[in-house]
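Coordinates from entry.txt are shown below (compact mmCIF, C-alpha atoms).
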# COMPACT_ATOMS: atom_id res chain seq x y z
CA MET A 1 186.15 -136.41 0.07
CA LYS A 2 183.37 -135.08 -2.13
CA ILE A 3 181.04 -132.18 -1.24
CA SER A 4 178.20 -130.31 -2.92
CA TYR A 5 178.83 -126.62 -3.31
CA TYR A 6 176.47 -123.63 -3.42
CA PRO A 7 178.26 -120.56 -4.84
CA GLY A 8 175.65 -117.74 -4.77
CA CYS A 9 175.53 -114.72 -7.07
CA THR A 10 178.51 -112.68 -5.95
CA LEU A 11 180.98 -115.58 -6.16
CA LYS A 12 180.26 -115.61 -9.89
CA ASN A 13 180.74 -111.84 -10.19
CA ASN A 14 182.78 -109.47 -8.02
CA ALA A 15 184.08 -112.28 -5.80
CA LYS A 16 185.53 -114.55 -8.47
CA ASN A 17 188.78 -114.37 -6.51
CA PHE A 18 186.96 -115.92 -3.54
CA GLU A 19 185.59 -118.80 -5.60
CA ASP A 20 188.68 -119.59 -7.68
CA SER A 21 191.02 -119.54 -4.71
CA ALA A 22 188.66 -121.70 -2.60
CA LEU A 23 188.18 -124.28 -5.32
CA CYS A 24 191.91 -124.50 -6.02
CA SER A 25 192.64 -124.87 -2.28
CA LEU A 26 190.08 -127.65 -1.94
CA LYS A 27 191.61 -129.46 -4.90
CA ARG A 28 194.99 -129.27 -3.17
CA LEU A 29 193.34 -130.70 -0.05
CA GLU A 30 191.96 -133.56 -2.15
CA VAL A 31 188.35 -132.47 -1.81
CA GLU A 32 186.13 -132.75 -4.86
CA THR A 33 183.51 -129.99 -5.10
CA VAL A 34 180.34 -130.46 -7.09
CA GLU A 35 178.43 -127.27 -7.85
CA LEU A 36 174.70 -127.69 -7.27
CA GLU A 37 172.56 -127.63 -10.36
CA ARG A 38 169.87 -124.96 -10.78
CA TRP A 39 170.83 -123.10 -7.62
CA ASN A 40 169.00 -119.80 -7.14
CA CYS A 41 169.42 -116.64 -5.08
CA CYS A 42 169.52 -117.38 -1.34
CA GLY A 43 167.65 -114.14 -0.60
CA THR A 44 170.85 -112.53 0.81
CA VAL A 45 169.25 -111.58 4.14
CA PHE A 46 167.21 -113.80 6.44
CA SER A 47 163.72 -112.46 6.86
CA LEU A 48 163.26 -111.45 10.50
CA ALA A 49 159.51 -110.75 10.54
CA THR A 50 157.60 -113.62 12.15
CA ASP A 51 154.90 -113.82 9.48
CA ASP A 52 157.12 -113.42 6.43
CA LEU A 53 157.27 -116.97 5.08
CA ILE A 54 157.53 -116.09 1.40
CA HIS A 55 161.14 -114.96 1.76
CA HIS A 56 162.14 -118.36 3.11
CA VAL A 57 161.04 -120.05 -0.11
CA ALA A 58 164.22 -119.16 -2.05
CA PRO A 59 166.65 -120.60 0.52
CA ILE A 60 164.51 -123.73 1.05
CA ARG A 61 164.41 -124.32 -2.71
CA ASN A 62 168.22 -124.47 -2.66
CA LEU A 63 168.07 -127.09 0.07
CA ILE A 64 165.80 -129.14 -2.20
CA ARG A 65 168.50 -128.87 -4.91
CA VAL A 66 170.91 -130.45 -2.41
CA LYS A 67 168.54 -133.39 -1.92
CA GLU A 68 168.16 -133.69 -5.68
CA ALA A 69 171.95 -134.05 -5.86
CA ASN A 70 171.48 -137.17 -3.70
CA THR A 71 173.26 -135.81 -0.69
CA ASN A 72 172.28 -134.34 2.66
CA LYS A 73 174.92 -131.70 3.14
CA PHE A 74 176.61 -128.95 1.21
CA MET A 75 179.06 -126.14 1.64
CA THR A 76 178.93 -122.44 0.86
CA LEU A 77 181.54 -119.69 0.95
CA CYS A 78 179.66 -116.40 1.18
CA ALA A 79 178.81 -115.39 4.75
CA MET A 80 175.46 -113.92 3.67
CA CYS A 81 174.44 -117.10 1.83
CA PHE A 82 175.59 -119.22 4.76
CA ASN A 83 173.58 -117.17 7.25
CA THR A 84 170.41 -117.02 5.15
CA LEU A 85 170.42 -120.68 4.11
CA LYS A 86 171.24 -121.96 7.59
CA ARG A 87 168.75 -119.72 9.38
CA ALA A 88 165.95 -120.64 6.97
CA ASN A 89 166.84 -124.30 7.53
CA GLU A 90 166.76 -123.89 11.32
CA ARG A 91 163.53 -121.95 11.12
CA VAL A 92 161.64 -124.69 9.26
CA LYS A 93 163.26 -127.45 11.32
CA SER A 94 161.92 -125.91 14.52
CA ASP A 95 158.55 -124.97 13.05
CA PRO A 96 156.85 -127.87 11.20
CA GLU A 97 153.84 -125.68 10.39
CA SER A 98 156.01 -123.21 8.43
CA LEU A 99 157.75 -126.08 6.67
CA ASP A 100 154.43 -127.58 5.65
CA LYS A 101 153.19 -124.23 4.33
CA ILE A 102 156.38 -123.65 2.32
CA ASN A 103 156.25 -127.16 0.87
CA LYS A 104 152.62 -126.68 -0.12
CA PHE A 105 153.46 -123.36 -1.74
CA MET A 106 156.12 -124.80 -4.04
CA TYR A 107 153.91 -126.44 -6.65
CA ARG A 108 156.68 -127.17 -9.10
CA GLU A 109 159.05 -128.95 -6.75
CA GLU A 110 158.99 -132.72 -6.98
CA VAL A 111 161.03 -133.30 -3.85
CA LYS A 112 159.56 -132.33 -0.50
CA TYR A 113 161.84 -130.60 1.98
CA GLU A 114 161.94 -132.28 5.37
CA GLY A 115 164.58 -130.29 7.23
CA ASP A 116 167.11 -133.00 6.47
CA VAL A 117 169.97 -131.03 4.86
CA GLN A 118 173.02 -129.77 6.69
CA VAL A 119 174.35 -126.31 5.79
CA LEU A 120 178.12 -125.98 6.15
CA HIS A 121 180.45 -123.07 5.68
CA LEU A 122 183.82 -123.78 4.10
CA LEU A 123 185.50 -122.86 7.41
CA GLU A 124 183.54 -125.61 9.17
CA LEU A 125 184.54 -128.10 6.48
CA LEU A 126 188.20 -127.11 6.90
CA ARG A 127 188.12 -127.14 10.71
CA ASP A 128 185.83 -130.08 11.47
CA GLU A 129 186.14 -132.48 8.55
CA ILE A 130 189.43 -131.88 6.74
CA LYS A 131 191.02 -130.69 10.01
CA PHE A 132 193.72 -128.05 10.37
CA GLU A 133 196.50 -130.54 11.15
CA ASN A 134 195.97 -132.09 7.72
CA ILE A 135 195.99 -128.67 6.06
CA ALA A 136 199.36 -127.99 7.77
CA LYS A 137 200.81 -131.02 5.97
CA LYS A 138 199.83 -129.59 2.57
CA VAL A 139 201.42 -126.16 3.06
CA VAL A 140 204.16 -125.70 0.46
CA LYS A 141 204.73 -121.98 0.92
CA PRO A 142 204.52 -121.05 4.62
CA LEU A 143 203.40 -117.43 5.02
CA LYS A 144 206.40 -116.51 7.16
CA ASN A 145 206.53 -113.06 8.74
CA LEU A 146 203.17 -112.11 7.26
CA LYS A 147 200.98 -110.36 9.81
CA ILE A 148 197.31 -110.97 9.05
CA ALA A 149 194.33 -109.54 10.94
CA ASN A 150 191.22 -111.65 10.43
CA TYR A 151 187.88 -109.95 10.05
CA TYR A 152 184.72 -112.02 10.54
CA GLY A 153 181.98 -109.43 10.28
CA CYS A 154 178.55 -110.40 11.58
CA LEU A 155 176.90 -113.18 9.69
CA LEU A 156 179.37 -116.03 10.16
CA VAL A 157 179.05 -115.80 13.91
CA ARG A 158 175.64 -114.33 14.71
CA PRO A 159 173.10 -115.29 15.84
CA LYS A 160 174.56 -117.90 18.19
CA GLU A 161 172.17 -120.64 17.03
CA ILE A 162 173.78 -120.76 13.60
CA GLY A 163 177.21 -119.17 14.16
CA LEU A 164 180.26 -121.26 13.41
CA ASP A 165 182.29 -119.92 16.33
CA ASP A 166 181.98 -117.61 19.35
CA VAL A 167 179.54 -114.75 18.64
CA GLU A 168 182.00 -112.00 19.54
CA ASN A 169 185.41 -113.60 19.89
CA PRO A 170 185.78 -116.17 17.14
CA THR A 171 189.23 -117.66 16.54
CA VAL A 172 188.77 -120.10 13.65
CA LEU A 173 190.42 -117.79 11.09
CA GLU A 174 193.35 -117.03 13.40
CA ASN A 175 193.87 -120.76 13.91
CA LEU A 176 193.80 -121.36 10.17
CA MET A 177 196.28 -118.55 9.48
CA THR A 178 198.63 -119.93 12.11
CA VAL A 179 198.51 -123.34 10.43
CA LEU A 180 199.41 -121.64 7.14
CA GLY A 181 202.50 -120.17 8.77
CA ALA A 182 201.28 -116.59 9.07
CA GLU A 183 201.22 -114.46 12.18
CA ALA A 184 197.56 -114.02 13.15
CA ILE A 185 196.88 -110.58 14.59
CA ASP A 186 194.04 -110.20 17.06
CA PHE A 187 192.11 -106.93 17.06
CA PRO A 188 188.96 -105.73 18.83
CA TYR A 189 187.00 -104.82 15.69
CA LYS A 190 187.02 -108.30 14.16
CA THR A 191 183.27 -108.80 14.52
CA GLU A 192 182.22 -105.14 14.20
CA CYS A 193 179.65 -104.55 11.44
CA CYS A 194 181.06 -102.97 8.24
CA ALA A 195 177.63 -101.32 7.60
CA SER A 196 176.82 -104.00 5.04
CA TYR A 197 174.32 -103.02 2.32
CA GLN A 198 174.34 -99.40 3.50
CA THR A 199 177.16 -99.19 0.98
CA VAL A 200 174.49 -98.66 -1.70
CA ASP A 201 172.90 -95.49 -0.36
CA LYS A 202 175.25 -94.39 2.45
CA PRO A 203 178.84 -95.07 1.35
CA GLU A 204 180.01 -92.34 3.75
CA ASN A 205 178.81 -94.44 6.72
CA VAL A 206 180.75 -97.40 5.36
CA ALA A 207 183.85 -95.20 5.08
CA ASP A 208 183.58 -94.44 8.82
CA ARG A 209 183.35 -98.12 9.72
CA THR A 210 186.12 -99.07 7.32
CA TYR A 211 188.31 -96.43 8.92
CA HIS A 212 187.71 -97.71 12.47
CA ILE A 213 188.00 -101.40 11.60
CA LEU A 214 191.15 -101.09 9.51
CA THR A 215 193.00 -98.59 11.70
CA SER A 216 192.33 -100.90 14.65
CA ALA A 217 193.90 -103.80 12.72
CA GLN A 218 196.83 -101.60 11.66
CA SER A 219 197.44 -100.44 15.21
CA GLN A 220 198.02 -104.09 16.13
CA GLY A 221 200.59 -104.40 13.34
CA ALA A 222 198.49 -106.00 10.58
CA GLU A 223 199.96 -105.93 7.07
CA LEU A 224 196.84 -107.28 5.44
CA VAL A 225 193.31 -108.16 6.49
CA SER A 226 191.63 -111.44 5.61
CA VAL A 227 187.86 -111.56 5.14
CA SER A 228 185.19 -114.17 4.57
CA CYS A 229 182.24 -112.22 3.16
CA PRO A 230 182.07 -110.64 -0.31
CA LEU A 231 180.17 -107.62 1.00
CA CYS A 232 182.67 -107.02 3.82
CA ALA A 233 185.42 -107.47 1.22
CA PHE A 234 183.90 -104.79 -0.98
CA ASN A 235 183.33 -102.37 1.90
CA LEU A 236 186.78 -102.80 3.45
CA ASP A 237 188.64 -102.78 0.13
CA TYR A 238 186.83 -100.58 -2.43
CA ARG A 239 185.46 -98.13 0.16
CA GLN A 240 189.03 -97.27 1.16
CA LYS A 241 188.69 -94.75 -1.65
CA GLU A 242 185.99 -92.85 0.31
CA THR A 243 187.84 -93.54 3.57
CA VAL A 244 190.95 -91.66 2.39
CA GLN A 245 188.78 -88.77 1.19
CA LYS A 246 187.20 -88.49 4.64
CA TYR A 247 190.30 -89.31 6.70
CA PRO A 248 193.38 -88.08 4.78
CA GLU A 249 195.79 -89.62 7.29
CA PHE A 250 194.37 -93.10 6.63
CA LYS A 251 196.92 -95.55 5.19
CA ASN A 252 195.64 -98.13 2.70
CA ILE A 253 195.88 -101.81 3.57
CA PRO A 254 195.17 -104.78 1.25
CA ILE A 255 192.13 -106.98 1.87
CA LEU A 256 192.24 -110.64 0.83
CA TYR A 257 189.77 -113.49 1.15
CA PHE A 258 191.05 -116.08 3.63
CA THR A 259 190.84 -118.54 0.74
CA GLN A 260 193.32 -116.50 -1.32
CA VAL A 261 195.74 -116.56 1.59
CA MET A 262 195.22 -120.32 1.96
CA ALA A 263 195.59 -120.92 -1.79
CA LEU A 264 198.88 -119.03 -1.73
CA ALA A 265 200.22 -121.21 1.08
CA LEU A 266 199.00 -124.38 -0.61
CA GLY A 267 200.85 -123.48 -3.80
CA CYS A 268 197.96 -122.59 -6.09
CA PRO A 269 198.99 -120.78 -9.28
CA GLU A 270 198.55 -117.02 -9.48
CA LYS A 271 195.73 -117.38 -12.01
CA ASP A 272 193.59 -118.93 -9.24
CA LEU A 273 194.38 -116.18 -6.74
CA ARG A 274 192.92 -113.46 -8.98
CA LEU A 275 194.93 -110.76 -7.25
CA ASP A 276 193.79 -108.40 -10.01
CA LEU A 277 190.29 -108.11 -8.53
CA HIS A 278 191.24 -105.76 -5.71
CA TYR A 279 191.08 -102.01 -5.24
CA ILE A 280 194.15 -101.99 -2.99
CA ASP A 281 196.81 -104.07 -4.74
CA PRO A 282 197.94 -106.91 -2.44
CA LYS A 283 200.90 -107.85 -4.66
CA PRO A 284 203.52 -105.44 -3.21
CA ILE A 285 203.25 -106.82 0.36
CA LEU A 286 203.19 -110.43 -0.91
CA ARG A 287 206.27 -109.77 -3.09
CA GLU A 288 208.01 -108.11 -0.15
CA LYS A 289 207.48 -111.30 1.85
CA GLY A 290 208.79 -113.43 -1.00
CA LEU A 291 205.42 -115.08 -1.57
CA LEU A 292 204.96 -114.11 -5.21
CA MET B 1 162.79 -83.02 22.34
CA ARG B 2 159.31 -82.88 23.87
CA ILE B 3 157.52 -86.21 24.11
CA ASN B 4 153.86 -86.55 24.92
CA LEU B 5 152.73 -89.73 26.61
CA SER B 6 149.14 -90.87 26.74
CA LYS B 7 147.08 -93.90 27.61
CA ARG B 8 145.73 -93.78 24.08
CA LYS B 9 149.19 -94.17 22.57
CA ILE B 10 150.16 -97.00 24.93
CA LYS B 11 146.99 -98.86 23.98
CA ASP B 12 147.44 -98.22 20.26
CA PRO B 13 147.34 -101.41 18.13
CA PHE B 14 150.79 -100.32 16.90
CA VAL B 15 152.40 -101.74 20.07
CA GLY B 16 150.81 -105.14 19.53
CA LYS B 17 151.75 -105.05 15.86
CA VAL B 18 155.44 -104.48 16.71
CA GLU B 19 155.33 -107.36 19.20
CA GLU B 20 153.59 -109.64 16.72
CA LEU B 21 155.90 -108.92 13.76
CA SER B 22 159.06 -109.13 15.86
CA GLY B 23 157.95 -112.00 18.08
CA GLN B 24 159.32 -110.08 21.06
CA ASN B 25 157.92 -109.12 24.46
CA LEU B 26 158.71 -105.40 24.64
CA LEU B 27 158.01 -105.17 28.38
CA ALA B 28 160.87 -107.59 29.10
CA CYS B 29 163.26 -104.67 28.57
CA TYR B 30 164.51 -103.03 31.78
CA GLN B 31 166.58 -100.34 30.03
CA CYS B 32 170.09 -101.47 30.94
CA GLY B 33 171.36 -99.86 27.72
CA LYS B 34 173.70 -102.68 26.69
CA CYS B 35 172.22 -102.75 23.18
CA SER B 36 173.08 -99.09 22.60
CA ALA B 37 176.48 -99.40 24.29
CA GLY B 38 177.52 -102.08 21.81
CA CYS B 39 175.78 -100.81 18.68
CA PRO B 40 178.31 -99.90 15.96
CA ALA B 41 175.79 -97.58 14.28
CA ILE B 42 174.73 -95.23 17.09
CA ALA B 43 176.81 -92.35 15.72
CA GLU B 44 174.33 -92.12 12.84
CA MET B 45 171.18 -92.80 14.88
CA ASP B 46 168.69 -90.25 16.22
CA ILE B 47 166.90 -92.67 18.58
CA LEU B 48 169.20 -95.22 20.22
CA PRO B 49 168.34 -98.95 20.27
CA ASN B 50 167.33 -99.00 23.98
CA GLN B 51 165.20 -95.90 23.34
CA ILE B 52 163.57 -97.61 20.37
CA ILE B 53 162.35 -100.35 22.71
CA ARG B 54 161.10 -97.76 25.23
CA TYR B 55 159.34 -95.74 22.52
CA ALA B 56 157.73 -98.92 21.20
CA GLN B 57 156.49 -99.85 24.70
CA LEU B 58 154.92 -96.41 24.97
CA GLY B 59 153.35 -96.51 21.53
CA LEU B 60 155.32 -93.52 20.23
CA LYS B 61 154.50 -94.48 16.69
CA ASP B 62 155.08 -91.16 14.93
CA GLU B 63 158.54 -90.66 16.47
CA LEU B 64 159.61 -94.19 15.49
CA MET B 65 158.14 -94.08 12.01
CA ARG B 66 160.06 -90.93 11.11
CA SER B 67 163.30 -91.90 12.86
CA LYS B 68 166.51 -92.30 10.90
CA SER B 69 167.63 -95.13 13.15
CA ILE B 70 165.35 -97.80 11.71
CA TRP B 71 167.09 -97.39 8.34
CA ILE B 72 170.57 -97.20 9.86
CA CYS B 73 170.43 -100.57 11.65
CA ALA B 74 171.97 -103.20 9.35
CA SER B 75 170.94 -106.20 11.52
CA CYS B 76 174.43 -107.10 12.73
CA PHE B 77 172.83 -108.77 15.78
CA THR B 78 175.36 -107.45 18.31
CA CYS B 79 172.50 -106.07 20.44
CA ASN B 80 170.68 -109.41 20.30
CA ALA B 81 173.85 -111.22 21.36
CA ARG B 82 174.35 -108.93 24.37
CA CYS B 83 170.80 -108.39 25.68
CA PRO B 84 170.62 -109.89 29.18
CA LYS B 85 166.86 -110.37 28.78
CA GLY B 86 167.14 -112.16 25.45
CA ILE B 87 165.20 -109.51 23.56
CA LYS B 88 165.90 -109.51 19.85
CA ILE B 89 166.23 -105.78 19.28
CA ALA B 90 167.15 -106.24 15.59
CA GLU B 91 163.83 -108.03 15.10
CA VAL B 92 161.97 -105.13 16.74
CA ILE B 93 163.67 -102.71 14.34
CA GLU B 94 162.81 -105.00 11.41
CA ALA B 95 159.16 -104.90 12.55
CA LEU B 96 159.24 -101.08 12.49
CA ARG B 97 160.65 -101.07 8.96
CA GLN B 98 158.04 -103.61 7.89
CA ILE B 99 155.18 -101.46 9.18
CA LEU B 100 156.25 -98.73 6.73
CA LEU B 101 157.28 -101.02 3.87
CA ARG B 102 153.95 -102.85 3.96
CA LYS B 103 152.33 -99.54 3.14
CA SER B 104 154.67 -99.33 0.12
CA GLU B 105 156.65 -96.54 1.75
CA ASP B 106 160.01 -97.50 0.27
CA HIS B 107 163.13 -96.09 1.85
CA LEU B 108 165.46 -96.83 -1.06
CA LYS B 109 164.48 -95.30 -4.39
CA VAL B 110 166.05 -97.83 -6.71
CA LYS B 111 165.09 -95.87 -9.81
CA LYS B 112 167.02 -92.85 -8.52
CA LEU B 113 170.27 -94.77 -8.15
CA SER B 114 172.78 -93.93 -10.86
CA ALA B 115 174.25 -96.60 -13.11
CA ALA B 116 177.55 -96.20 -11.26
CA GLU B 117 175.90 -96.60 -7.84
CA LYS B 118 174.25 -99.80 -9.00
CA GLY B 119 177.08 -101.13 -11.12
CA ASP B 120 180.02 -100.68 -8.77
CA VAL B 121 178.67 -102.60 -5.79
CA PRO B 122 178.40 -106.40 -5.63
CA PRO B 123 175.00 -108.01 -6.38
CA ILE B 124 174.50 -109.02 -2.72
CA ALA B 125 174.65 -105.34 -1.73
CA ILE B 126 171.91 -104.35 -4.18
CA ILE B 127 169.69 -107.32 -3.38
CA SER B 128 170.03 -107.02 0.39
CA SER B 129 169.40 -103.27 0.39
CA MET B 130 166.30 -103.82 -1.72
CA ARG B 131 165.17 -106.59 0.62
CA LYS B 132 165.58 -104.32 3.63
CA PHE B 133 164.56 -100.98 2.16
CA THR B 134 161.83 -101.65 -0.39
CA SER B 135 158.43 -103.32 -0.31
As structure tokens - that is how I would like this structure written.
Amino acid sequence: MKISYYPGCTLKNNAKNFEDSALCSLKRLEVETVELERWNCCGTVFSLATDDLIHHVAPIRNLIRVKEANTNKFMTLCAMCFNTLKRANERVKSDPESLDKINKFMYREEVKYEGDVQVLHLLELLRDEIKFENIAKKVVKPLKNLKIANYYGCLLVRPKEIGLDDVENPTVLENLMTVLGAEAIDFPYKTECCASYQTVDKPENVADRTYHILTSAQSQGAELVSVSCPLCAFNLDYRQKETVQKYPEFKNIPILYFTQVMALALGCPEKDLRLDLHYIDPKPILREKGLL
Amino acid sequence: MRINLSKRKIKDPFVGKVEELSGQNLLACYQCGKCSAGCPAIAEMDILPNQIIRYAQLGLKDELMRSKSIWICASCFTCNARCPKGIKIAEVIEALRQILLRKSEDHLKVKKLSAAEKGDVPPIAIISSMRKFTS
């Protein structure tokens, strides 16, 4: 299988551990990924104002890059990119007038966008195309006795029209973790907002959310939390510093991308896990379980 | 808090502007409160999501324009998912932010952020906060 891949800015910066572990996992699953050429910023947030067409230009341009790669579908990893690209796609697909205006605006594009590209998240590729039963066959290091709570955040599952699972009770990550041999822990805060970009000007608000989300996971017995969004990852991991300052009784817990957990089970080398890019070191718990 | 209602406020073009920018019918709301019950950010809000809709119906422009709440909402869409009337509350709040931002009244002062504040967070955090908080 071969698939075009849109990384987005943060996968090339803070979330290198997300990218490297995903690409290594896909290689193990015999999927060839081809990074799109000349990809640009997705816009990070989908513009919600009805008349604001200009902010849909950036995501639509990326969809043109997919067509230029002679394909009609591609995959992304970041939840924010997924949400923005897919929503912009749905918006122009359901509104030909907007699509026409956007096409007319982009003077330098040689290819016209016609709403004919499919936006996939890696989790959809794993679940619907590669299929979990085939992933199970490739597991070389089952994650025995490892209790993982899976945090989805908002943008993978909401709004319903673009979400890849149930809006408030998704289970795709739990199902994947089970296939990898881990014990998936359910907890009520798995789709609760982490306060997102408020981390820039209100880190104290993020500390509150991080506290509630992570203590909820811990109360269910979680030993680590898997995530699927680089902003959630930052807030839940790096903002544990502020969380401890505000709530001294708070106990740190490591945060890993679901792809790092998968890469570990599929036998990827440590250099592709990039376990050095974390605030809370995940190595002790992984060593304790005999996984490193 | 004392709130003055008037026919003038209800008929203010502000109400129509909010409906137009958000694409929502404000009068569809019957104040069940589900949006506020499920909102993860209400602890930091001064006007709750269901109250925002009520204030917008009544044209209480000044109260909404100086509320903290419109800058606290991070568009997690939980309210939208739960509204029994299908009102997109997050879109209404976006419309309120837009009314200020389109007058260049930025909420985030990017120039005032320290190098550490900008450098420690991932690029998506900076870009999305600028998208939501600046014009």
task: Residues of chain A near chain B: apply a cut-off of 8 Å, count all atoms listed in the file, and supply the list as a PyMOL selection string.
output: chain A and resi 9-10+13-14+43-45+48-51+154-155+158-160+167+192-193+195-201+205+230-231+234
task: Could you please determine the separation between CA of Ser216 in chain A and CA of Lys202 in chain A in Å, to one decimal place?
output: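 Going from CA of Ser216 in chain A over to CA of Lys202 in chain A, I get 22.0 Å.
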- prompt: How many Å separate CA of Lys86 in chain A from CA of Asn25 in chain B?
  reply: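 Between CA of Lys86 in chain A and CA of Asn25 in chain B the gap works out to 25.0 Å.
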- request: Might you pull out every residue within 10 Å of range 269-274 of chain A, with only C-alpha atoms counted and same-chain residues fewer than 6 positions away left off, and present them as an NGL selection string?
  value: :A and (15-25 or 256-257 or 259-263 or 292)
message: Please report the interatomic distance between CA of Met80 in chain A and CA of Val227 in chain A in Å with one decimal.
response: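 If I compute the distance from CA of Met80 in chain A to CA of Val227 in chain A, I get 12.7 Å.
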message: Residues near Glu63 in chain B, anyone? I mean within 10 Å using all atoms listed in the file, not counting same-chain ones fewer than 6 positions away, as a PyMOL selection string.
response: chain B and resi 3+47+52+55-56
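Ranking A:Gln245, A:Asn169, A:Thr191, A:Gln240 by their shortest atom-to-atom distance to Thr215 in chain A, with all atoms listed in the file included, puts A:Gln240 first.
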- request: For each of B:Met1, B:Met65, B:Leu60, B:Ile42, take the minimum atom-to-atom distance to Lys103 in chain B, counting all atoms listed in the file, then give the residue where this is smallest.
  value: B:Met65
field: Residue among A:Glu223, A:Glu129, A:Glu110, A:Glu161 lying closest to Val31 in chain A, counting all atoms listed in the file
entry: A:Glu129
Sel. within 7 Å of pt (187.1, -135.4, -4.2), counting all atoms listed in the file, output as a PyMOL selection string: chain A and resi 1-2+30-33
message: Need the shell around Asp106 in chain B: protein/DNA/RNA residues with any atom at most 9 Å away, counting all atoms listed in the file. Skip same-chain ones fewer than 6 positions apart. Format as a VMD selection string?
response: chain B and resid 100 133 to 135
Just want the 10 Å neighbourhood of Asp46 in chain B, counted on only C-alpha atoms, with same-chain residues fewer than 6 positions away dropped. Output as a JSON list (two decimals) with C-alpha atoms, keeping the file's coordinate frame.
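Written file, around-v5.json:
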[["chain", "number", "residue", "atom", "x", "y", "z"],
["B", 52, "ILE", "CA", 163.57, -97.61, 20.37],
["B", 64, "LEU", "CA", 159.61, -94.19, 15.49],
["B", 67, "SER", "CA", 163.30, -91.90, 12.86],
["B", 68, "LYS", "CA", 166.51, -92.30, 10.90],
["B", 69, "SER", "CA", 167.63, -95.13, 13.15],
["B", 70, "ILE", "CA", 165.35, -97.80, 11.71],
["B", 72, "ILE", "CA", 170.57, -97.20, 9.86]]
